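**Student:** Pasting upload.txt here (compact mmCIF, C-alpha atoms):
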# COMPACT_ATOMS: atom_id res chain seq x y z
CA MET A 1 -7.87 -10.64 -3.86
CA ILE A 2 -4.97 -12.47 -2.18
CA THR A 3 -2.58 -9.67 -3.12
CA ASN A 4 -4.89 -7.04 -1.63
CA PHE A 5 -5.20 -9.04 1.59
CA LEU A 6 -1.43 -9.44 1.82
CA LEU A 7 -0.87 -5.75 1.09
CA ASP A 8 -3.33 -4.83 3.84
CA HIS A 9 -1.70 -7.30 6.24
CA SER A 10 1.96 -7.22 5.20
CA ALA A 11 3.11 -8.38 8.64
CA LEU A 12 1.48 -11.75 7.92
CA VAL A 13 3.64 -12.48 4.85
CA PRO A 14 6.69 -13.77 6.81
CA VAL A 15 4.30 -15.86 8.91
CA ALA A 16 2.76 -17.23 5.71
CA ILE A 17 6.23 -18.23 4.43
CA LEU A 18 6.91 -20.03 7.70
CA LEU A 19 3.56 -21.81 7.44
CA VAL A 20 4.29 -22.82 3.84
CA ALA A 21 7.67 -24.19 4.95
CA LEU A 22 6.09 -26.04 7.87
CA VAL A 23 3.43 -27.61 5.66
CA CYS A 24 6.10 -28.66 3.15
CA ALA A 25 8.22 -30.23 5.90
CA VAL A 26 5.26 -32.09 7.43
CA LEU A 27 4.04 -33.38 4.06
CA GLY A 28 7.62 -34.25 3.10
CA ARG A 29 7.99 -36.24 6.31
CA LEU A 30 4.62 -37.98 5.90
CA PHE A 31 5.27 -38.99 2.29
CA ALA A 32 9.05 -39.47 2.46
CA ASP A 33 8.80 -43.02 1.13
CA ARG A 34 6.09 -42.25 -1.45
CA ARG A 35 7.87 -40.56 -4.33
CA ARG A 36 4.82 -40.51 -6.59
CA ILE A 37 2.90 -38.48 -4.04
CA LEU A 38 5.83 -36.10 -3.66
CA TRP A 39 5.98 -35.65 -7.46
CA ALA A 40 2.23 -35.02 -7.47
CA LEU A 41 2.66 -32.40 -4.74
CA ALA A 42 5.48 -30.80 -6.74
CA GLY A 43 3.25 -30.69 -9.82
CA ALA A 44 0.29 -29.32 -7.89
CA SER A 45 2.46 -26.63 -6.32
CA LEU A 46 3.52 -25.49 -9.79
CA LEU A 47 -0.08 -24.56 -10.63
CA PRO A 48 0.03 -21.30 -8.62
CA VAL A 49 3.44 -20.54 -10.12
CA PHE A 50 2.03 -20.66 -13.64
CA ALA A 51 -1.27 -19.02 -12.70
CA LEU A 52 0.42 -16.06 -11.01
CA THR A 53 3.15 -15.57 -13.59
CA LEU A 54 1.83 -16.52 -17.03
CA VAL A 55 -1.95 -16.10 -17.01
CA PRO A 56 -2.75 -12.90 -18.93
CA THR A 57 -3.91 -9.87 -16.98
CA VAL A 58 -6.44 -7.26 -18.04
CA HIS A 59 -3.57 -4.83 -18.66
CA THR A 60 -1.49 -5.16 -21.78
CA ILE A 61 2.01 -3.91 -22.31
CA ASP A 62 2.85 -2.39 -25.68
CA GLU A 63 6.57 -3.08 -25.64
CA ILE A 64 9.07 -5.61 -24.41
CA LEU A 65 9.82 -4.55 -20.88
CA CYS A 66 12.21 -5.98 -18.34
CA THR A 67 13.23 -4.22 -15.17
CA VAL A 68 16.79 -4.98 -14.15
CA GLN A 69 17.28 -4.61 -10.43
CA PHE A 70 18.45 -6.68 -7.50
CA SER A 71 17.20 -5.85 -4.05
CA VAL A 72 17.26 -7.57 -0.70
CA PRO A 73 13.79 -8.55 0.53
CA THR A 74 12.54 -6.88 3.66
CA LEU A 75 9.80 -8.10 5.93
CA GLY A 76 7.44 -5.45 4.54
CA ALA A 77 8.10 -6.25 0.87
CA VAL A 78 4.94 -8.24 0.17
CA GLU A 79 5.55 -8.98 -3.51
CA SER A 80 9.19 -9.97 -2.97
CA LEU A 81 8.34 -12.29 -0.11
CA ALA A 82 5.43 -13.75 -2.08
CA ASN A 83 7.91 -14.57 -4.86
CA VAL A 84 10.09 -16.34 -2.29
CA ALA A 85 7.11 -18.38 -1.06
CA LEU A 86 6.00 -19.22 -4.60
CA PHE A 87 9.01 -21.40 -5.44
CA LEU A 88 9.60 -22.97 -2.03
CA PRO A 89 7.00 -25.80 -2.29
CA PRO A 90 7.66 -27.08 -5.82
CA VAL A 91 11.42 -27.20 -5.26
CA CYS A 92 11.03 -28.78 -1.83
CA PHE A 93 8.70 -31.54 -3.04
CA ALA A 94 10.69 -32.17 -6.24
CA ALA A 95 13.93 -32.34 -4.23
CA LEU A 96 12.39 -34.84 -1.83
CA ALA A 97 10.96 -36.91 -4.68
CA SER A 98 14.15 -36.92 -6.74
CA ARG A 99 16.51 -36.95 -3.77
CA ARG A 100 18.53 -34.32 -5.65
CA PRO A 101 18.11 -30.96 -3.89
CA VAL A 102 20.90 -29.18 -5.80
CA THR A 103 19.51 -30.30 -9.17
CA MET A 104 16.00 -29.19 -8.21
CA LEU A 105 17.36 -25.86 -6.94
CA ALA A 106 18.97 -25.30 -10.35
CA ALA A 107 15.77 -26.37 -12.11
CA GLY A 108 13.70 -23.98 -9.98
CA SER A 109 16.01 -21.07 -10.73
CA ALA A 110 16.02 -21.96 -14.43
CA LEU A 111 12.21 -22.22 -14.50
CA SER A 112 11.97 -18.76 -12.97
CA ALA A 113 14.36 -17.39 -15.62
CA VAL A 114 12.26 -18.97 -18.38
CA ILE A 115 9.09 -17.46 -16.91
CA GLU A 116 10.68 -14.01 -16.75
CA THR A 117 11.84 -14.43 -20.36
CA PHE A 118 8.30 -15.32 -21.47
CA GLN A 119 6.97 -12.29 -19.62
CA ALA A 120 9.48 -10.09 -21.44
CA LEU A 121 8.89 -11.58 -24.89
CA LEU A 122 5.09 -11.81 -24.65
CA PRO A 123 3.94 -8.31 -23.64
CA ALA A 124 0.37 -9.21 -24.66
CA ILE A 125 -0.05 -11.22 -21.44
CA GLY A 126 0.37 -8.00 -19.45
CA ARG A 127 3.19 -9.27 -17.28
CA ALA A 128 6.48 -7.44 -16.91
CA CYS A 129 9.82 -9.17 -16.60
CA ASP A 130 11.74 -8.26 -13.46
CA THR A 131 15.14 -9.62 -12.46
CA ASP A 132 14.17 -9.11 -8.85
CA ASP A 133 11.35 -11.64 -9.30
CA TRP A 134 13.90 -14.17 -10.58
CA LEU A 135 16.15 -13.46 -7.59
CA MET A 136 13.31 -13.85 -5.07
CA ASN A 137 12.08 -17.03 -6.79
CA THR A 138 15.64 -18.39 -6.63
CA ILE A 139 15.85 -17.55 -2.92
CA GLY A 140 12.60 -19.51 -2.50
CA ALA A 141 14.16 -22.39 -4.46
CA VAL A 142 17.22 -22.29 -2.18
CA LEU A 143 14.96 -22.42 0.89
CA GLY A 144 12.97 -25.28 -0.64
CA ALA A 145 16.13 -27.27 -1.40
CA LEU A 146 17.49 -26.66 2.10
CA LEU A 147 14.17 -27.63 3.66
CA ALA A 148 14.09 -30.81 1.56
CA ALA A 149 17.66 -31.71 2.50
CA GLY A 150 16.90 -31.14 6.18
CA THR A 151 13.67 -33.12 6.01
CA ALA A 152 15.40 -36.00 4.19
CA ARG A 153 18.14 -36.02 6.79
CA LEU A 154 15.63 -36.18 9.65
CA VAL A 155 13.72 -38.96 7.91
CA GLY A 156 16.98 -40.85 7.36
CA ARG A 157 17.97 -40.51 11.02
CA ARG A 158 14.58 -41.74 12.18
CA ALA A 159 14.76 -44.68 9.78
CA GLN A 160 18.26 -45.55 11.03
CA SER A 161 17.29 -45.30 14.68
CA GLY A 162 14.16 -47.34 14.02
CA SER A 163 16.08 -50.10 12.24
CA SER A 164 18.86 -50.18 14.83
CA THR A 165 16.30 -50.29 17.65
CA GLY A 166 14.59 -53.19 15.88
CA ALA A 167 17.90 -55.00 15.55
CA ILE A 168 18.64 -54.63 19.25
CA SER A 169 15.28 -55.97 20.35
CA SER A 170 15.45 -59.04 18.08
So, in terms of structure tokens, how does the structure I just supplied come out?
**Tutor:**
Amino acid sequence: MITNFLLDHSALVPVAILLVALVCAVLGRLFADRRRILWALAGASLLPVFALTLVPTVHTIDEILCTVQFSVPTLGAVESLANVALFLPPVCFAALASRRPVTMLAAGSALSAVIETFQALLPAIGRACDTDDWLMNTIGAVLGALLAAGTARLVGRRAQSGSSTGAISS
């Protein structure tokens, strides 16, 4: 249902990615000092990842299949951009919670590779491995890590200016 809507309204996909990024930044800012909440958000944002990549479909594949390709996403490439958006929130929230954006970027890329491997080795779930999916997921992980680093930096600046303002007024 969501895929059909996005295919019918492909111009909204880049807007949806921007909204996802905005929501992540706002929630990251609100919960910057509450790491448990950030971990919970990271975990919750993994649910769609697993649901959209590992839940069996009605179609089955009779053989191990993996498409090897690498393409640059375009604004009209709904599935590619959806793969970018899919990994942005979990990496962003995990990077904010752990305060290790590079580590969470690597973990996000590795998770995507593991998912693609499962799709290739378990044809009964009806999902096909595609290197382009891994690439787009990794781009989403990069964006999530960058967004987390930027959000953390803004939070740090506000905390510094708040503490220095408090010191001046004392």
**Student:** Could you give me, as a VMD selection string, the residues within 12 Å of Pro89 in chain A, counting all atoms listed in the file and dropping anything in the same chain fewer than 2 positions from it?
**Tutor:** chain A and resid 17 to 28 38 to 49 83 to 87 91 to 96 104 to 105 108 137 140 to 148
**Student:** Restrict the selected residues to C-alpha atoms and save them as a compact mmCIF listing (two decimals), in the frame of the given file.
**Tutor:**
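In the end it all went to out_35.txt:
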# COMPACT_ATOMS: atom_id res chain seq x y z
CA ILE A 17 6.23 -18.23 4.43
CA LEU A 18 6.91 -20.03 7.70
CA LEU A 19 3.56 -21.81 7.44
CA VAL A 20 4.29 -22.82 3.84
CA ALA A 21 7.67 -24.19 4.95
CA LEU A 22 6.09 -26.04 7.87
CA VAL A 23 3.43 -27.61 5.66
CA CYS A 24 6.10 -28.66 3.15
CA ALA A 25 8.22 -30.23 5.90
CA VAL A 26 5.26 -32.09 7.43
CA LEU A 27 4.04 -33.38 4.06
CA GLY A 28 7.62 -34.25 3.10
CA LEU A 38 5.83 -36.10 -3.66
CA TRP A 39 5.98 -35.65 -7.46
CA ALA A 40 2.23 -35.02 -7.47
CA LEU A 41 2.66 -32.40 -4.74
CA ALA A 42 5.48 -30.80 -6.74
CA GLY A 43 3.25 -30.69 -9.82
CA ALA A 44 0.29 -29.32 -7.89
CA SER A 45 2.46 -26.63 -6.32
CA LEU A 46 3.52 -25.49 -9.79
CA LEU A 47 -0.08 -24.56 -10.63
CA PRO A 48 0.03 -21.30 -8.62
CA VAL A 49 3.44 -20.54 -10.12
CA ASN A 83 7.91 -14.57 -4.86
CA VAL A 84 10.09 -16.34 -2.29
CA ALA A 85 7.11 -18.38 -1.06
CA LEU A 86 6.00 -19.22 -4.60
CA PHE A 87 9.01 -21.40 -5.44
CA VAL A 91 11.42 -27.20 -5.26
CA CYS A 92 11.03 -28.78 -1.83
CA PHE A 93 8.70 -31.54 -3.04
CA ALA A 94 10.69 -32.17 -6.24
CA ALA A 95 13.93 -32.34 -4.23
CA LEU A 96 12.39 -34.84 -1.83
CA MET A 104 16.00 -29.19 -8.21
CA LEU A 105 17.36 -25.86 -6.94
CA GLY A 108 13.70 -23.98 -9.98
CA ASN A 137 12.08 -17.03 -6.79
CA GLY A 140 12.60 -19.51 -2.50
CA ALA A 141 14.16 -22.39 -4.46
CA VAL A 142 17.22 -22.29 -2.18
CA LEU A 143 14.96 -22.42 0.89
CA GLY A 144 12.97 -25.28 -0.64
CA ALA A 145 16.13 -27.27 -1.40
CA LEU A 146 17.49 -26.66 2.10
CA LEU A 147 14.17 -27.63 3.66
CA ALA A 148 14.09 -30.81 1.56
**Student:** Would you place a box with edges along x, y and z of the file around all atoms of range 93-105 of chain A listed there, add 3 Å to each of its six sides, and report the centre and edge lengths in Å to one decimal, as JSON?
**Tutor:**
{"center_x": 14.8, "center_y": -31.4, "center_z": -5.5, "size_x": 18.2, "size_y": 17.1, "size_z": 13.3}
**Student:** One decimal, in Å: what's the spacing between CA of Thr138 in chain A and CA of Pro56 in chain A?
**Tutor:**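 Computed distance, CA of Thr138 in chain A to CA of Pro56 in chain A, equals 22.8 Å.
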**Student:** May I have the residues within 8 Å of range 30-34 of chain A as a VMD selection string, using all atoms listed in the file and disregarding those fewer than 5 positions away in the same chain?
**Tutor:** chain A and resid 96 to 97 152 155
**Student:** Could you give me, as a list in words, the residues within 10 Å of Arg127 in chain A, counting all atoms listed in the file and dropping anything in the same chain fewer than 6 positions from it?
**Tutor:**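 My list of contacting residues is Leu52, Thr53, Leu54, Val55, Pro56, Thr57, Val58, His59, Thr60, Ile61, Ile64, Leu65, Cys66, Glu116, Phe118, Gln119, Ala120 and Leu121 of chain A.
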**Student:** Can you measure CA of Ala77 in chain A to CA of Pro14 in chain A for me? One decimal in Å is fine.
**Tutor:**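 Value for the CA of Ala77 in chain A-CA of Pro14 in chain A distance: 9.7 Å.
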**Student:** What gap, in Å, lies between CA of Thr67 in chain A and CA of Thr131 in chain A?
**Tutor:**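 Separating CA of Thr67 in chain A from CA of Thr131 in chain A is a distance of 6.3 Å.
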**Student:** Just want the 9 Å neighbourhood of Asp62 in chain A, counted on all atoms listed in the file, with same-chain residues fewer than 5 positions away dropped. Output as a PyMOL selection string.
**Tutor:** chain A and resi 123-124+126
**Student:** Save range 58-156 of chain A to a file: C-alpha atoms, as an mmCIF file, in the first residue's frame.
**Tutor:**
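Final file, selection_37.cif:
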data_model
loop_
_atom_site.group_PDB
_atom_site.id
_atom_site.type_symbol
_atom_site.label_atom_id
_atom_site.label_comp_id
_atom_site.auth_asym_id
_atom_site.auth_seq_id
_atom_site.Cartn_x
_atom_site.Cartn_y
_atom_site.Cartn_z
ATOM 1 C CA VAL A 58 3.633 -14.132 -1.343
ATOM 2 C CA HIS A 59 6.118 -14.713 -4.162
ATOM 3 C CA THR A 60 8.800 -17.330 -3.767
ATOM 4 C CA ILE A 61 12.083 -17.499 -5.593
ATOM 5 C CA ASP A 62 13.306 -20.909 -6.707
ATOM 6 C CA GLU A 63 17.006 -20.128 -6.786
ATOM 7 C CA ILE A 64 19.593 -18.042 -5.022
ATOM 8 C CA LEU A 65 19.449 -14.700 -6.749
ATOM 9 C CA CYS A 66 21.488 -11.573 -6.235
ATOM 10 C CA THR A 67 21.554 -8.677 -8.638
ATOM 11 C CA VAL A 68 24.917 -6.958 -8.767
ATOM 12 C CA GLN A 69 24.598 -3.342 -9.805
ATOM 13 C CA PHE A 70 25.491 0.075 -8.492
ATOM 14 C CA SER A 71 23.459 3.053 -9.591
ATOM 15 C CA VAL A 72 23.141 6.629 -8.458
ATOM 16 C CA PRO A 73 19.712 7.437 -7.014
ATOM 17 C CA THR A 74 17.610 9.933 -8.875
ATOM 18 C CA LEU A 75 14.709 11.917 -7.499
ATOM 19 C CA GLY A 76 12.265 9.674 -9.379
ATOM 20 C CA ALA A 77 13.761 6.381 -8.167
ATOM 21 C CA VAL A 78 11.183 5.562 -5.497
ATOM 22 C CA GLU A 79 12.622 2.243 -4.328
ATOM 23 C CA SER A 80 16.191 3.559 -4.180
ATOM 24 C CA LEU A 81 15.197 6.626 -2.211
ATOM 25 C CA ALA A 82 13.022 4.519 0.089
ATOM 26 C CA ASN A 83 16.104 2.386 0.815
ATOM 27 C CA VAL A 84 17.991 5.575 1.698
ATOM 28 C CA ALA A 85 15.210 6.662 4.068
ATOM 29 C CA LEU A 86 14.976 3.209 5.658
ATOM 30 C CA PHE A 87 18.417 3.310 7.300
ATOM 31 C CA LEU A 88 18.576 7.007 8.171
ATOM 32 C CA PRO A 89 16.581 6.867 11.466
ATOM 33 C CA PRO A 90 18.137 3.802 13.124
ATOM 34 C CA VAL A 91 21.678 4.988 12.403
ATOM 35 C CA CYS A 92 20.884 8.549 13.472
ATOM 36 C CA PHE A 93 19.332 7.511 16.797
ATOM 37 C CA ALA A 94 21.992 4.868 17.509
ATOM 38 C CA ALA A 95 24.754 7.376 16.719
ATOM 39 C CA LEU A 96 23.202 9.923 19.066
ATOM 40 C CA ALA A 97 22.735 7.319 21.795
ATOM 41 C CA SER A 98 26.225 5.859 21.498
ATOM 42 C CA ARG A 99 27.921 9.130 20.589
ATOM 43 C CA ARG A 100 29.803 7.142 17.937
ATOM 44 C CA PRO A 101 28.489 8.132 14.495
ATOM 45 C CA VAL A 102 31.267 6.411 12.523
ATOM 46 C CA THR A 103 30.782 3.136 14.403
ATOM 47 C CA MET A 104 27.012 3.266 13.875
ATOM 48 C CA LEU A 105 27.526 4.088 10.192
ATOM 49 C CA ALA A 106 29.662 0.953 9.864
ATOM 50 C CA ALA A 107 27.091 -1.074 11.810
ATOM 51 C CA GLY A 108 24.275 0.181 9.577
ATOM 52 C CA SER A 109 26.165 -0.717 6.414
ATOM 53 C CA ALA A 110 27.059 -4.127 7.849
ATOM 54 C CA LEU A 111 23.436 -4.772 8.869
ATOM 55 C CA SER A 112 22.325 -3.992 5.334
ATOM 56 C CA ALA A 113 24.933 -6.414 3.946
ATOM 57 C CA VAL A 114 23.711 -9.133 6.327
ATOM 58 C CA ILE A 115 20.102 -8.522 5.270
ATOM 59 C CA GLU A 116 21.031 -8.761 1.587
ATOM 60 C CA THR A 117 22.941 -11.982 2.328
ATOM 61 C CA PHE A 118 19.893 -13.472 4.068
ATOM 62 C CA GLN A 119 17.731 -12.478 1.109
ATOM 63 C CA ALA A 120 20.149 -14.248 -1.230
ATOM 64 C CA LEU A 121 20.515 -17.396 0.865
ATOM 65 C CA LEU A 122 16.832 -17.754 1.804
ATOM 66 C CA PRO A 123 14.935 -17.631 -1.512
ATOM 67 C CA ALA A 124 11.842 -19.035 0.225
ATOM 68 C CA ILE A 125 11.130 -15.605 1.749
ATOM 69 C CA GLY A 126 10.609 -14.223 -1.759
ATOM 70 C CA ARG A 127 13.116 -11.412 -1.429
ATOM 71 C CA ALA A 128 15.918 -10.863 -3.908
ATOM 72 C CA CYS A 129 19.370 -9.681 -2.952
ATOM 73 C CA ASP A 130 20.456 -6.500 -4.698
ATOM 74 C CA THR A 131 23.768 -4.713 -4.217
ATOM 75 C CA ASP A 132 22.024 -1.472 -5.087
ATOM 76 C CA ASP A 133 19.812 -1.899 -2.005
ATOM 77 C CA TRP A 134 22.949 -2.228 0.140
ATOM 78 C CA LEU A 135 24.416 0.901 -1.470
ATOM 79 C CA MET A 136 21.240 2.942 -0.919
ATOM 80 C CA ASN A 137 20.924 1.682 2.676
ATOM 81 C CA THR A 138 24.552 2.684 3.255
ATOM 82 C CA ILE A 139 23.879 6.147 1.824
ATOM 83 C CA GLY A 140 20.985 6.389 4.298
ATOM 84 C CA ALA A 141 23.356 5.303 7.079
ATOM 85 C CA VAL A 142 25.850 7.995 6.018
ATOM 86 C CA LEU A 143 23.084 10.618 6.111
ATOM 87 C CA GLY A 144 21.934 9.346 9.520
ATOM 88 C CA ALA A 145 25.469 9.513 10.931
ATOM 89 C CA LEU A 146 25.993 13.015 9.522
ATOM 90 C CA LEU A 147 22.641 14.159 10.880
ATOM 91 C CA ALA A 148 23.503 12.719 14.304
ATOM 92 C CA ALA A 149 26.915 14.387 14.309
ATOM 93 C CA GLY A 150 25.360 17.720 13.340
ATOM 94 C CA THR A 151 22.603 17.393 15.925
ATOM 95 C CA ALA A 152 25.109 16.468 18.645
ATOM 96 C CA ARG A 153 27.248 19.435 17.714
ATOM 97 C CA LEU A 154 24.286 21.817 17.924
ATOM 98 C CA VAL A 155 23.244 20.353 21.265
ATOM 99 C CA GLY A 156 26.824 20.722 22.530
#
